[in-house]
Amino acid sequence: MSEFTLVGAINAALRYAMAHDPRVVVFGEDVGPLGGVFRATDGLYQAFGAQRVINMPLAEALIAGVAVGLAAQGMRPVAEIQFMGFIYPAIDQLINHAARMRIRTRGRLSCPMVLRAPYGGGVHAPEHHSESMEAMFAHIPGLRVVVPSSPRRAYGLLLAAIEDPDPVVFLEPKRLYRAAKEVFEDDGAPLPLDRCEVVRSGTDVSLITWGAMMRETQQAADTLAAEGITAEVIDVATLKPLDAATIQGSLEKTGRAVIVHEAPLTAGFGAEIVATIAGGALYSLRAPVLRVTGFDTVMPLPRLETHYMPSVHRIVEAARTTVCSE
Amino acid sequence: MSRVTGFAIEHTAILDADGRLLQPLPAWCADPAALVELYRWMVLTRTFDTTAIALHRTGRLGTYASSRGQEAIAIGVGHAMHPDDVLLPSFREHGAQLLRGVLPEELLLYWGGDERGSNYSAPACRQDFPVSITVGGHASHATGVALAFKLRGEARAAVCLFGDGATSKGDVYEAMNFAGVQQLPVVFVVSNNAWALSTPRAEQSAGMTIAQKAIAAGFTGEQVDGNDVIAVRTRVGEAIDRARSGNGPHFLECLTYRMSDHTTVDDASRYRNPEEVEPWEARDPLSRLRAYLVGNGAWDEARDDTLRASCAATIDTAVQAYLDTPPQPPETLFDFLFEAPPQALREQRRTMLDAVKAAQARAEASGNV
């Protein structure tokens, strides 16, 4: 057993995959001797060499396109985009090529690739470094979208993403990279890519979130517990495919839900979860489903960031509202 | 000031528009049989092209991009490739695909709107990429494929074809740049056919040649007469052999002309003068090679008639196979998206199949089967 931060868990998963599967190639901007700007690839270049840990030219569309070519050749590329704000040139490759390679060739070629990117605010980064655009990826047919929220889940989910025979967008909550440590075995065990995880059991309200907002959501659950409201906390973890059964099962128990995400409200992935609840658990509902999210405005520079981010207070208020609405 | 660097772009032409040799034949085609083979493939490609356009006009094929006048590039490239190389075509290189082993009925299926047309059955093209409709989007794939070859120590090359319009895209430059950095076994071939849909070459780039873009990426580039299949085959063959033996990428600009509309739903008369097209009829890649072969006694009218009849029969058979292909089951809409479809997708699949069954039941109930 070892102790890992979330970024340490990412590093351990990459290291495990590279050591056990010669097809795994890691590449991206500054992932080589530096080990990536967040050190997710720390030591990999030194351990596996420049052939398998490749510093790429500063070109995001290229990075995604190289992954497509490698994957179609049976390799297991794991590409890093340095920050989510720089991922947009790569989206053409994801939509037009990676996500449709298998279906458009009727299975002749496929695209077992992982595109990793840190996302989200809260680390006082410059402009374009703090967005949460996961919903855009969830809208693309043919992709899996994974957002871990703890070291242990980051480790297992990344290993599963690398093993998966189809393209996976793996979004890492950079605010949590070093926020907490977990002890687990570095044994290469993958986690399922289609399961939400109930991380805290409760009966009064379901707090549904993913990635970095897990921290504020857990804190909100603590506050609510002190008031006698027991919240069930669900880590969605795999936005696509979405584990509707776990979410609906929770609502059957609690009858109330608050969905929390850092991304803007409108057409955020929370809307998909609301629809999932409405479609499968409407008659269990005892209160309107609420969303606590970022606002429909441009992600601000760091000085205004705290006003944008969903706070523990807002989550608690929303949960109270659902409980008191009867 | 001191001069830091300089460059020159060479141009190769071997067979002129009248079928006269401008220089001695290279060794690979010392035997006229090799040239006859290239001629056969070009005639087959043009026969396919003419037939595809006719199928479109009669409502039996979707939008189709003709390669008429550009056959020498596709055939030169396809002929120079080794079976274990990987082809990454744009959408106007049907000849290269045919030569690699893609069946004409597969090409027709694709252009007829059926994904099975990209599931090439011949072993030599199982790893070839499907056509890239997104212009230049496949250039980086070629570098990824070439990187896989390099990492595995395989003596193979990726061959990527695109048009002059694609060279305006960052995707193509990003790929070339990476190929240069990593010295990848990839050969980029641009069919500079003077037009990107309605936009002329001069409005794509102020560079005197497209080939010189390779210099910026740190490797060699050159021009060839793209209507001279001997020149294309010779130069691309050398580039592929260099790439396969670990000597890095190369860029070949083939000068040609798009004789057709951009596609079957385009009308080139809206933007280009017929007087510009006319001289290129006289530079046709097929007629110049035929003239050379006839002049050397390796070909004659009777053999030409036989070849045309045989190509027509081959394509007719392919057309029949295409038209006789049973429709895809509707559920294939879902079945190839993931290796193992997620639960939500399985539910959507069931929803669609229920709708299909319900529609059949309604049709049967109304006697309208």
# chains A, B, ... in the order shown; residues from 1 in each chain; ligands from 1
call {"tool": "residues_around", "arguments": {"residues": "B:Lys169", "least_positions_apart": "2", "cutoff": "12 Å", "atoms": "only C-alpha atoms", "output": "JSON, numbers by chain"}}
result
{"A": [61, 62], "B": [134, 135, 136, 137, 138, 139, 140, 162, 163, 164, 165, 166, 167, 171, 172, 173, 174, 175, 176, 204, 205, 213]}
call {"tool": "interface_residues", "arguments": {"of": "chain A", "to": "chain B", "cutoff": "6 Å", "atoms": "only C-alpha atoms", "output": "PyMOL selection string"}}
result
chain A and resi 62+65-66+68-70+103-108+142
call {"tool": "write_last_selection", "arguments": {"atoms": "N, CA and C atoms", "output": "short mmCIF file (atom, residue, chain, number, x, y, z; two decimals), in the first residue's frame"}}
result
data_model
loop_
_atom_site.label_atom_id
_atom_site.label_comp_id
_atom_site.auth_asym_id
_atom_site.auth_seq_id
_atom_site.Cartn_x
_atom_site.Cartn_y
_atom_site.Cartn_z
N LEU A 62 -2.58 18.62 -33.50
CA LEU A 62 -1.60 17.58 -33.84
C LEU A 62 -1.56 16.49 -32.77
N GLY A 65 -4.44 14.32 -33.18
CA GLY A 65 -4.36 13.59 -34.46
C GLY A 65 -3.31 12.50 -34.42
N VAL A 66 -2.19 12.75 -33.77
CA VAL A 66 -1.16 11.71 -33.63
C VAL A 66 -1.72 10.55 -32.82
N VAL A 68 -4.79 9.58 -32.80
CA VAL A 68 -5.66 8.83 -33.71
C VAL A 68 -4.83 7.87 -34.57
N GLY A 69 -3.74 8.38 -35.13
CA GLY A 69 -2.90 7.54 -35.98
C GLY A 69 -2.27 6.39 -35.23
N LEU A 70 -1.74 6.67 -34.05
CA LEU A 70 -1.15 5.62 -33.22
C LEU A 70 -2.19 4.57 -32.84
N ILE A 103 -16.83 3.25 -36.13
CA ILE A 103 -18.13 3.06 -36.79
C ILE A 103 -18.03 3.32 -38.29
N ARG A 104 -17.21 4.29 -38.68
CA ARG A 104 -17.17 4.62 -40.11
C ARG A 104 -16.41 3.58 -40.92
N THR A 105 -15.60 2.76 -40.23
CA THR A 105 -14.94 1.67 -40.95
C THR A 105 -15.58 0.33 -40.60
N ARG A 106 -16.72 0.39 -39.95
CA ARG A 106 -17.44 -0.82 -39.53
C ARG A 106 -16.53 -1.78 -38.77
N GLY A 107 -15.72 -1.17 -37.89
CA GLY A 107 -14.90 -1.97 -36.98
C GLY A 107 -13.53 -2.33 -37.51
N ARG A 108 -13.23 -1.92 -38.75
CA ARG A 108 -11.92 -2.28 -39.32
C ARG A 108 -10.79 -1.57 -38.57
N GLY A 142 -19.67 8.60 -29.36
CA GLY A 142 -18.47 7.78 -29.59
C GLY A 142 -17.35 8.03 -28.59
#
call {"tool": "residues_around", "arguments": {"residues": "A:Leu143", "least_positions_apart": "3", "cutoff": "8 Å", "atoms": "only C-alpha atoms", "output": "number ranges by chain"}}
result
A: 99, 137-138, 140, 166-169, 240
call {"tool": "select_by_dssp", "arguments": {"residues": "stretch 117-213 of chain A", "states": "strand (DSSP E)", "output": "PDB file with N, CA and C atoms, in the first residue's frame"}}
result
ATOM      1  N   ALA A 117      -6.687  15.945 -19.752  1.00  0.00           N
ATOM      2  CA  ALA A 117      -6.509  17.396 -19.603  1.00  0.00           C
ATOM      3  C   ALA A 117      -6.938  17.808 -18.205  1.00  0.00           C
ATOM      4  N   PRO A 118      -6.155  18.660 -17.552  1.00  0.00           N
ATOM      5  CA  PRO A 118      -6.608  19.233 -16.292  1.00  0.00           C
ATOM      6  C   PRO A 118      -7.672  20.290 -16.567  1.00  0.00           C
ATOM      7  N   TYR A 119      -8.682  20.341 -15.708  1.00  0.00           N
ATOM      8  CA  TYR A 119      -9.747  21.316 -15.933  1.00  0.00           C
ATOM      9  C   TYR A 119     -10.070  22.018 -14.616  1.00  0.00           C
ATOM     10  N   ARG A 144     -16.057   8.416 -24.504  1.00  0.00           N
ATOM     11  CA  ARG A 144     -16.340   8.273 -23.078  1.00  0.00           C
ATOM     12  C   ARG A 144     -15.737   9.486 -22.387  1.00  0.00           C
ATOM     13  N   VAL A 145     -16.434   9.989 -21.373  1.00  0.00           N
ATOM     14  CA  VAL A 145     -15.953  11.172 -20.656  1.00  0.00           C
ATOM     15  C   VAL A 145     -15.868  10.830 -19.174  1.00  0.00           C
ATOM     16  N   VAL A 146     -14.657  10.930 -18.636  1.00  0.00           N
ATOM     17  CA  VAL A 146     -14.391  10.494 -17.269  1.00  0.00           C
ATOM     18  C   VAL A 146     -13.803  11.663 -16.479  1.00  0.00           C
ATOM     19  N   VAL A 168     -11.293   7.883 -24.958  1.00  0.00           N
ATOM     20  CA  VAL A 168     -11.744   8.387 -23.659  1.00  0.00           C
ATOM     21  C   VAL A 168     -11.163   9.781 -23.438  1.00  0.00           C
ATOM     22  N   VAL A 169     -12.026  10.725 -23.073  1.00  0.00           N
ATOM     23  CA  VAL A 169     -11.562  12.044 -22.624  1.00  0.00           C
ATOM     24  C   VAL A 169     -11.518  11.995 -21.107  1.00  0.00           C
ATOM     25  N   PHE A 170     -10.345  12.238 -20.560  1.00  0.00           N
ATOM     26  CA  PHE A 170     -10.108  12.059 -19.130  1.00  0.00           C
ATOM     27  C   PHE A 170      -9.763  13.421 -18.538  1.00  0.00           C
ATOM     28  N   LEU A 171     -10.716  13.989 -17.802  1.00  0.00           N
ATOM     29  CA  LEU A 171     -10.563  15.361 -17.317  1.00  0.00           C
ATOM     30  C   LEU A 171     -10.199  15.346 -15.834  1.00  0.00           C
ATOM     31  N   GLU A 172      -9.090  15.992 -15.534  1.00  0.00           N
ATOM     32  CA  GLU A 172      -8.526  15.905 -14.178  1.00  0.00           C
ATOM     33  C   GLU A 172      -8.763  17.195 -13.413  1.00  0.00           C
ATOM     34  N   PRO A 173      -9.370  17.090 -12.217  1.00  0.00           N
ATOM     35  CA  PRO A 173      -9.641  18.285 -11.413  1.00  0.00           C
ATOM     36  C   PRO A 173      -8.361  18.823 -10.802  1.00  0.00           C
ATOM     37  N   GLU A 182      -4.674   9.551  -0.471  1.00  0.00           N
ATOM     38  CA  GLU A 182      -5.380   8.300  -0.173  1.00  0.00           C
ATOM     39  C   GLU A 182      -4.369   7.162  -0.211  1.00  0.00           C
ATOM     40  N   VAL A 183      -4.635   6.167   0.567  1.00  0.00           N
ATOM     41  CA  VAL A 183      -3.753   4.998   0.603  1.00  0.00           C
ATOM     42  C   VAL A 183      -4.429   3.868  -0.172  1.00  0.00           C
ATOM     43  N   PHE A 184      -3.722   3.336  -1.147  1.00  0.00           N
ATOM     44  CA  PHE A 184      -4.247   2.166  -1.859  1.00  0.00           C
ATOM     45  C   PHE A 184      -3.099   1.404  -2.508  1.00  0.00           C
ATOM     46  N   GLU A 197     -20.426   6.460  -8.259  1.00  0.00           N
ATOM     47  CA  GLU A 197     -20.092   5.894  -6.956  1.00  0.00           C
ATOM     48  C   GLU A 197     -20.797   6.685  -5.860  1.00  0.00           C
ATOM     49  N   VAL A 198     -21.510   5.959  -5.016  1.00  0.00           N
ATOM     50  CA  VAL A 198     -22.121   6.604  -3.856  1.00  0.00           C
ATOM     51  C   VAL A 198     -21.028   6.718  -2.803  1.00  0.00           C
ATOM     52  N   VAL A 199     -20.545   7.926  -2.583  1.00  0.00           N
ATOM     53  CA  VAL A 199     -19.399   8.085  -1.686  1.00  0.00           C
ATOM     54  C   VAL A 199     -19.850   8.391  -0.260  1.00  0.00           C
ATOM     55  N   ARG A 200     -21.119   8.658  -0.082  1.00  0.00           N
ATOM     56  CA  ARG A 200     -21.636   8.930   1.253  1.00  0.00           C
ATOM     57  C   ARG A 200     -23.113   8.591   1.219  1.00  0.00           C
ATOM     58  N   VAL A 205     -31.475  13.890   0.972  1.00  0.00           N
ATOM     59  CA  VAL A 205     -31.241  14.583  -0.304  1.00  0.00           C
ATOM     60  C   VAL A 205     -30.016  13.957  -0.979  1.00  0.00           C
ATOM     61  N   SER A 206     -30.074  13.863  -2.315  1.00  0.00           N
ATOM     62  CA  SER A 206     -28.924  13.365  -3.077  1.00  0.00           C
ATOM     63  C   SER A 206     -28.141  14.554  -3.617  1.00  0.00           C
ATOM     64  N   LEU A 207     -26.894  14.643  -3.248  1.00  0.00           N
ATOM     65  CA  LEU A 207     -26.005  15.662  -3.805  1.00  0.00           C
ATOM     66  C   LEU A 207     -25.172  14.976  -4.883  1.00  0.00           C
ATOM     67  N   ILE A 208     -25.375  15.422  -6.113  1.00  0.00           N
ATOM     68  CA  ILE A 208     -24.765  14.714  -7.250  1.00  0.00           C
ATOM     69  C   ILE A 208     -23.724  15.626  -7.884  1.00  0.00           C
ATOM     70  N   THR A 209     -22.511  15.149  -7.959  1.00  0.00           N
ATOM     71  CA  THR A 209     -21.452  16.007  -8.495  1.00  0.00           C
ATOM     72  C   THR A 209     -20.345  15.146  -9.080  1.00  0.00           C
TER      73      THR A 209
END
call {"tool": "atom_distance", "arguments": {"atom1": "atom CA of A:Val53", "atom2": "atom CA of A:Ile91"}}
result
22.6 Å
call {"tool": "residues_around", "arguments": {"residues": "B:Leu108", "least_positions_apart": "6", "cutoff": "12 Å", "atoms": "only C-alpha atoms", "output": "MDAnalysis selection string"}}
result
chainID B and resid 48:49 51:56 60:65 94 98 102 114:118 120 315:325
call {"tool": "residues_around", "arguments": {"residues": "B:Leu286", "least_positions_apart": "3", "cutoff": "9 Å", "atoms": "only C-alpha atoms", "output": "list in words"}}
result
Tyr39, Met42, Val43, Gly69, Glu71, Ala72, Asn227, Asp228, Val229, Arg283, Leu289, Arg290 and Ala291 of chain B
call {"tool": "write_last_selection", "arguments": {"atoms": "N, CA and C atoms", "output": "short mmCIF file (atom, residue, chain, number, x, y, z; two decimals), in the first residue's frame"}}
result
data_model
loop_
_atom_site.label_atom_id
_atom_site.label_comp_id
_atom_site.auth_asym_id
_atom_site.auth_seq_id
_atom_site.Cartn_x
_atom_site.Cartn_y
_atom_site.Cartn_z
N TYR B 39 -0.58 2.15 -67.11
CA TYR B 39 -1.60 2.62 -68.04
C TYR B 39 -2.92 1.90 -67.80
N MET B 42 -4.63 3.35 -64.80
CA MET B 42 -5.19 4.68 -65.06
C MET B 42 -6.48 4.58 -65.87
N VAL B 43 -6.50 3.67 -66.82
CA VAL B 43 -7.73 3.49 -67.61
C VAL B 43 -8.85 2.94 -66.72
N GLY B 69 -8.27 13.42 -64.86
CA GLY B 69 -7.12 14.27 -65.13
C GLY B 69 -6.02 14.15 -64.08
N GLU B 71 -5.30 11.12 -62.52
CA GLU B 71 -5.08 9.69 -62.28
C GLU B 71 -3.61 9.35 -62.08
N ALA B 72 -2.72 10.12 -62.73
CA ALA B 72 -1.29 9.75 -62.67
C ALA B 72 -0.76 9.82 -61.24
N ASN B 227 0.93 15.07 -64.09
CA ASN B 227 0.23 14.35 -65.15
C ASN B 227 1.16 13.36 -65.85
N ASP B 228 2.34 13.23 -65.31
CA ASP B 228 3.35 12.32 -65.85
C ASP B 228 3.53 11.18 -64.84
N VAL B 229 2.88 10.08 -65.14
CA VAL B 229 2.86 9.00 -64.14
C VAL B 229 4.26 8.43 -63.92
N ARG B 283 -2.76 17.81 -72.02
CA ARG B 283 -1.72 17.31 -71.09
C ARG B 283 -2.20 16.07 -70.34
N LEU B 289 0.83 8.76 -71.99
CA LEU B 289 1.49 7.46 -71.79
C LEU B 289 1.13 6.50 -72.92
N ARG B 290 -0.15 6.59 -73.35
CA ARG B 290 -0.54 5.73 -74.48
C ARG B 290 0.30 6.08 -75.72
N ALA B 291 0.48 7.39 -75.96
CA ALA B 291 1.27 7.82 -77.13
C ALA B 291 2.70 7.26 -77.05
#
call {"tool": "residues_around", "arguments": {"residues": "A:Thr254", "least_positions_apart": "5", "cutoff": "9 Å", "atoms": "only C-alpha atoms", "output": "list in words"}}
result
Gly202, Thr203, Asp204, Val205, Ser206, Ala231, Glu232, Gly249, Ser284, Leu285 and Arg286 of chain A
call {"tool": "residues_around", "arguments": {"residues": "A:Thr297", "least_positions_apart": "5", "cutoff": "12 Å", "atoms": "only C-alpha atoms", "output": "number ranges by chain"}}
result
A: 131, 262-266, 304-305, 307-309
call {"tool": "write_last_selection", "arguments": {"atoms": "all heavy atoms", "output": "PDB file, in the first residue's frame"}}
result
ATOM      1  N   GLU A 131     -11.252  26.732 -17.194  1.00  0.00           N
ATOM      2  CA  GLU A 131     -12.603  26.398 -17.626  1.00  0.00           C
ATOM      3  C   GLU A 131     -12.978  24.945 -17.303  1.00  0.00           C
ATOM      4  O   GLU A 131     -12.107  24.104 -17.070  1.00  0.00           O
ATOM      5  CB  GLU A 131     -12.748  26.626 -19.147  1.00  0.00           C
ATOM      6  CG  GLU A 131     -12.872  28.085 -19.542  1.00  0.00           C
ATOM      7  CD  GLU A 131     -11.581  28.881 -19.424  1.00  0.00           C
ATOM      8  OE1 GLU A 131     -10.510  28.280 -19.214  1.00  0.00           O
ATOM      9  OE2 GLU A 131     -11.651  30.120 -19.537  1.00  0.00           O
ATOM     10  N   GLU A 262     -19.115  22.884 -11.610  1.00  0.00           N
ATOM     11  CA  GLU A 262     -18.383  24.144 -11.735  1.00  0.00           C
ATOM     12  C   GLU A 262     -18.661  24.800 -13.088  1.00  0.00           C
ATOM     13  O   GLU A 262     -18.558  26.026 -13.227  1.00  0.00           O
ATOM     14  CB  GLU A 262     -16.892  23.783 -11.619  1.00  0.00           C
ATOM     15  CG  GLU A 262     -15.981  24.911 -11.291  1.00  0.00           C
ATOM     16  CD  GLU A 262     -14.554  24.382 -11.057  1.00  0.00           C
ATOM     17  OE1 GLU A 262     -14.391  23.386 -10.307  1.00  0.00           O
ATOM     18  OE2 GLU A 262     -13.626  24.953 -11.624  1.00  0.00           O
ATOM     19  N   ALA A 263     -19.025  24.014 -14.063  1.00  0.00           N
ATOM     20  CA  ALA A 263     -19.264  24.520 -15.410  1.00  0.00           C
ATOM     21  C   ALA A 263     -20.506  25.407 -15.427  1.00  0.00           C
ATOM     22  O   ALA A 263     -21.339  25.342 -14.524  1.00  0.00           O
ATOM     23  CB  ALA A 263     -19.449  23.338 -16.358  1.00  0.00           C
ATOM     24  N   PRO A 264     -20.669  26.239 -16.460  1.00  0.00           N
ATOM     25  CA  PRO A 264     -21.847  27.100 -16.557  1.00  0.00           C
ATOM     26  C   PRO A 264     -23.154  26.305 -16.506  1.00  0.00           C
ATOM     27  O   PRO A 264     -23.193  25.119 -16.822  1.00  0.00           O
ATOM     28  CB  PRO A 264     -21.680  27.782 -17.915  1.00  0.00           C
ATOM     29  CG  PRO A 264     -20.217  27.747 -18.172  1.00  0.00           C
ATOM     30  CD  PRO A 264     -19.724  26.477 -17.553  1.00  0.00           C
ATOM     31  N   LEU A 265     -24.219  27.008 -16.129  1.00  0.00           N
ATOM     32  CA  LEU A 265     -25.512  26.359 -15.902  1.00  0.00           C
ATOM     33  C   LEU A 265     -26.133  25.807 -17.193  1.00  0.00           C
ATOM     34  O   LEU A 265     -26.471  24.623 -17.275  1.00  0.00           O
ATOM     35  CB  LEU A 265     -26.464  27.383 -15.266  1.00  0.00           C
ATOM     36  CG  LEU A 265     -27.906  26.929 -15.077  1.00  0.00           C
ATOM     37  CD1 LEU A 265     -28.013  25.957 -13.909  1.00  0.00           C
ATOM     38  CD2 LEU A 265     -28.827  28.125 -14.854  1.00  0.00           C
ATOM     39  N   THR A 266     -26.284  26.691 -18.171  1.00  0.00           N
ATOM     40  CA  THR A 266     -27.100  26.348 -19.332  1.00  0.00           C
ATOM     41  C   THR A 266     -26.434  25.269 -20.187  1.00  0.00           C
ATOM     42  O   THR A 266     -25.276  25.419 -20.593  1.00  0.00           O
ATOM     43  CB  THR A 266     -27.353  27.602 -20.194  1.00  0.00           C
ATOM     44  OG1 THR A 266     -28.023  28.562 -19.380  1.00  0.00           O
ATOM     45  CG2 THR A 266     -28.212  27.273 -21.404  1.00  0.00           C
ATOM     46  N   LEU A 304     -11.798  37.359  -9.276  1.00  0.00           N
ATOM     47  CA  LEU A 304     -13.254  37.238  -9.130  1.00  0.00           C
ATOM     48  C   LEU A 304     -13.714  35.775  -9.057  1.00  0.00           C
ATOM     49  O   LEU A 304     -14.903  35.496  -8.972  1.00  0.00           O
ATOM     50  CB  LEU A 304     -13.962  37.929 -10.313  1.00  0.00           C
ATOM     51  CG  LEU A 304     -13.953  39.458 -10.301  1.00  0.00           C
ATOM     52  CD1 LEU A 304     -14.609  39.991 -11.575  1.00  0.00           C
ATOM     53  CD2 LEU A 304     -14.685  39.998  -9.073  1.00  0.00           C
ATOM     54  N   GLU A 305     -12.747  34.878  -9.086  1.00  0.00           N
ATOM     55  CA  GLU A 305     -13.068  33.464  -9.234  1.00  0.00           C
ATOM     56  C   GLU A 305     -13.992  32.936  -8.127  1.00  0.00           C
ATOM     57  O   GLU A 305     -14.916  32.165  -8.397  1.00  0.00           O
ATOM     58  CB  GLU A 305     -11.761  32.659  -9.234  1.00  0.00           C
ATOM     59  CG  GLU A 305     -11.799  31.432 -10.086  1.00  0.00           C
ATOM     60  CD  GLU A 305     -10.413  30.796 -10.191  1.00  0.00           C
ATOM     61  OE1 GLU A 305      -9.744  30.658  -9.151  1.00  0.00           O
ATOM     62  OE2 GLU A 305     -10.012  30.446 -11.295  1.00  0.00           O
ATOM     63  N   HIS A 307     -16.321  34.262  -6.643  1.00  0.00           N
ATOM     64  CA  HIS A 307     -17.732  34.622  -6.838  1.00  0.00           C
ATOM     65  C   HIS A 307     -18.392  33.730  -7.888  1.00  0.00           C
ATOM     66  O   HIS A 307     -19.608  33.582  -7.922  1.00  0.00           O
ATOM     67  CB  HIS A 307     -17.849  36.083  -7.251  1.00  0.00           C
ATOM     68  CG  HIS A 307     -17.272  37.021  -6.236  1.00  0.00           C
ATOM     69  ND1 HIS A 307     -17.833  37.204  -5.004  1.00  0.00           N
ATOM     70  CD2 HIS A 307     -16.145  37.775  -6.261  1.00  0.00           C
ATOM     71  CE1 HIS A 307     -17.091  38.061  -4.312  1.00  0.00           C
ATOM     72  NE2 HIS A 307     -16.063  38.410  -5.050  1.00  0.00           N
ATOM     73  N   TYR A 308     -17.554  33.202  -8.756  1.00  0.00           N
ATOM     74  CA  TYR A 308     -18.071  32.328  -9.829  1.00  0.00           C
ATOM     75  C   TYR A 308     -18.310  30.907  -9.318  1.00  0.00           C
ATOM     76  O   TYR A 308     -19.328  30.280  -9.623  1.00  0.00           O
ATOM     77  CB  TYR A 308     -17.077  32.298 -10.995  1.00  0.00           C
ATOM     78  CG  TYR A 308     -17.444  31.302 -12.064  1.00  0.00           C
ATOM     79  CD1 TYR A 308     -18.263  31.663 -13.134  1.00  0.00           C
ATOM     80  CD2 TYR A 308     -16.999  29.975 -11.997  1.00  0.00           C
ATOM     81  CE1 TYR A 308     -18.631  30.746 -14.090  1.00  0.00           C
ATOM     82  CE2 TYR A 308     -17.363  29.050 -12.955  1.00  0.00           C
ATOM     83  CZ  TYR A 308     -18.170  29.433 -14.001  1.00  0.00           C
ATOM     84  OH  TYR A 308     -18.543  28.529 -14.943  1.00  0.00           O
ATOM     85  N   MET A 309     -17.380  30.425  -8.536  1.00  0.00           N
ATOM     86  CA  MET A 309     -17.400  29.006  -8.155  1.00  0.00           C
ATOM     87  C   MET A 309     -18.558  28.687  -7.212  1.00  0.00           C
ATOM     88  O   MET A 309     -18.840  29.456  -6.298  1.00  0.00           O
ATOM     89  CB  MET A 309     -16.086  28.637  -7.448  1.00  0.00           C
ATOM     90  CG  MET A 309     -14.832  28.962  -8.231  1.00  0.00           C
ATOM     91  SD  MET A 309     -14.491  27.763  -9.495  1.00  0.00           S
ATOM     92  CE  MET A 309     -13.629  26.553  -8.515  1.00  0.00           C
TER      93      MET A 309
END
call {"tool": "atom_distance", "arguments": {"atom1": "atom CA of A:Ala59", "atom2": "atom CA of A:Asp30"}}
result
11.8 Å
call {"tool": "select_by_dssp", "arguments": {"residues": "stretch 81-314 of chain A", "states": "alpha helix (DSSP H)", "output": "ChimeraX atom specification"}}
result
/A:88-96,101-104,134-138,151-163,214-226,244-254,269-281,305-308,312-314
call {"tool": "write_last_selection", "arguments": {"atoms": "C-alpha atoms", "output": "compact mmCIF listing (two decimals), in the first residue's frame"}}
result
# COMPACT_ATOMS: atom_id res chain seq x y z
CA TYR A 88 -10.44 23.31 -28.51
CA PRO A 89 -8.20 22.79 -31.57
CA ALA A 90 -8.16 19.09 -30.63
CA ILE A 91 -11.95 18.83 -30.66
CA ASP A 92 -12.05 18.61 -34.45
CA GLN A 93 -9.92 15.48 -34.21
CA LEU A 94 -12.10 14.04 -31.46
CA ILE A 95 -15.42 14.64 -33.22
CA ASN A 96 -14.46 14.05 -36.82
CA MET A 101 -13.15 5.79 -36.67
CA ARG A 102 -14.62 2.48 -35.51
CA ILE A 103 -18.13 3.06 -36.79
CA ARG A 104 -17.17 4.62 -40.11
CA GLU A 134 -16.91 18.67 -19.85
CA ALA A 135 -20.44 18.90 -21.23
CA MET A 136 -19.08 19.65 -24.71
CA PHE A 137 -17.32 16.30 -24.76
CA ALA A 138 -20.29 14.43 -23.34
CA PRO A 151 -6.69 9.66 -5.92
CA ARG A 152 -8.01 6.12 -5.77
CA ARG A 153 -10.65 6.71 -8.43
CA ALA A 154 -8.20 8.66 -10.60
CA TYR A 155 -5.87 5.66 -10.54
CA GLY A 156 -8.47 3.02 -11.36
CA LEU A 157 -10.36 5.10 -13.88
CA LEU A 158 -7.23 6.12 -15.78
CA LEU A 159 -6.07 2.51 -15.99
CA ALA A 160 -9.51 1.54 -17.26
CA ALA A 161 -9.43 4.40 -19.79
CA ILE A 162 -6.07 3.24 -21.12
CA GLU A 163 -7.32 -0.35 -21.42
CA MET A 214 -16.66 16.88 -4.74
CA ARG A 215 -14.76 18.73 -2.02
CA GLU A 216 -17.34 21.52 -1.52
CA THR A 217 -20.14 19.00 -1.86
CA GLN A 218 -18.69 16.80 0.91
CA GLN A 219 -18.26 19.86 3.10
CA ALA A 220 -21.87 20.81 2.42
CA ALA A 221 -22.91 17.30 3.42
CA ASP A 222 -21.02 17.74 6.69
CA THR A 223 -22.79 21.03 7.38
CA LEU A 224 -26.16 19.50 6.57
CA ALA A 225 -25.44 16.54 8.83
CA ALA A 226 -24.88 18.92 11.73
CA ALA A 244 -28.60 6.41 -14.66
CA ALA A 245 -29.56 3.46 -12.45
CA THR A 246 -27.44 4.56 -9.50
CA ILE A 247 -28.72 8.13 -9.70
CA GLN A 248 -32.34 7.07 -10.04
CA GLY A 249 -31.91 4.53 -7.25
CA SER A 250 -30.63 7.28 -4.96
CA LEU A 251 -33.60 9.51 -5.81
CA GLU A 252 -36.00 6.71 -5.01
CA LYS A 253 -34.51 6.77 -1.55
CA THR A 254 -34.12 10.51 -0.97
CA PHE A 269 -24.10 18.27 -17.75
CA GLY A 270 -26.37 18.87 -14.78
CA ALA A 271 -29.21 19.35 -17.23
CA GLU A 272 -28.64 15.82 -18.49
CA ILE A 273 -28.83 14.48 -14.97
CA VAL A 274 -32.03 16.44 -14.31
CA ALA A 275 -33.50 14.86 -17.43
CA THR A 276 -32.33 11.44 -16.27
CA ILE A 277 -34.07 11.95 -12.95
CA ALA A 278 -37.21 13.30 -14.61
CA GLY A 279 -37.28 10.35 -16.98
CA GLY A 280 -36.71 7.61 -14.44
CA ALA A 281 -37.48 8.84 -10.94
CA GLU A 305 -13.07 33.46 -9.23
CA THR A 306 -14.55 32.80 -5.80
CA HIS A 307 -17.73 34.62 -6.84
CA TYR A 308 -18.07 32.33 -9.83
CA VAL A 312 -20.37 25.23 0.18
CA HIS A 313 -22.90 27.82 1.27
CA ARG A 314 -24.78 27.73 -2.03
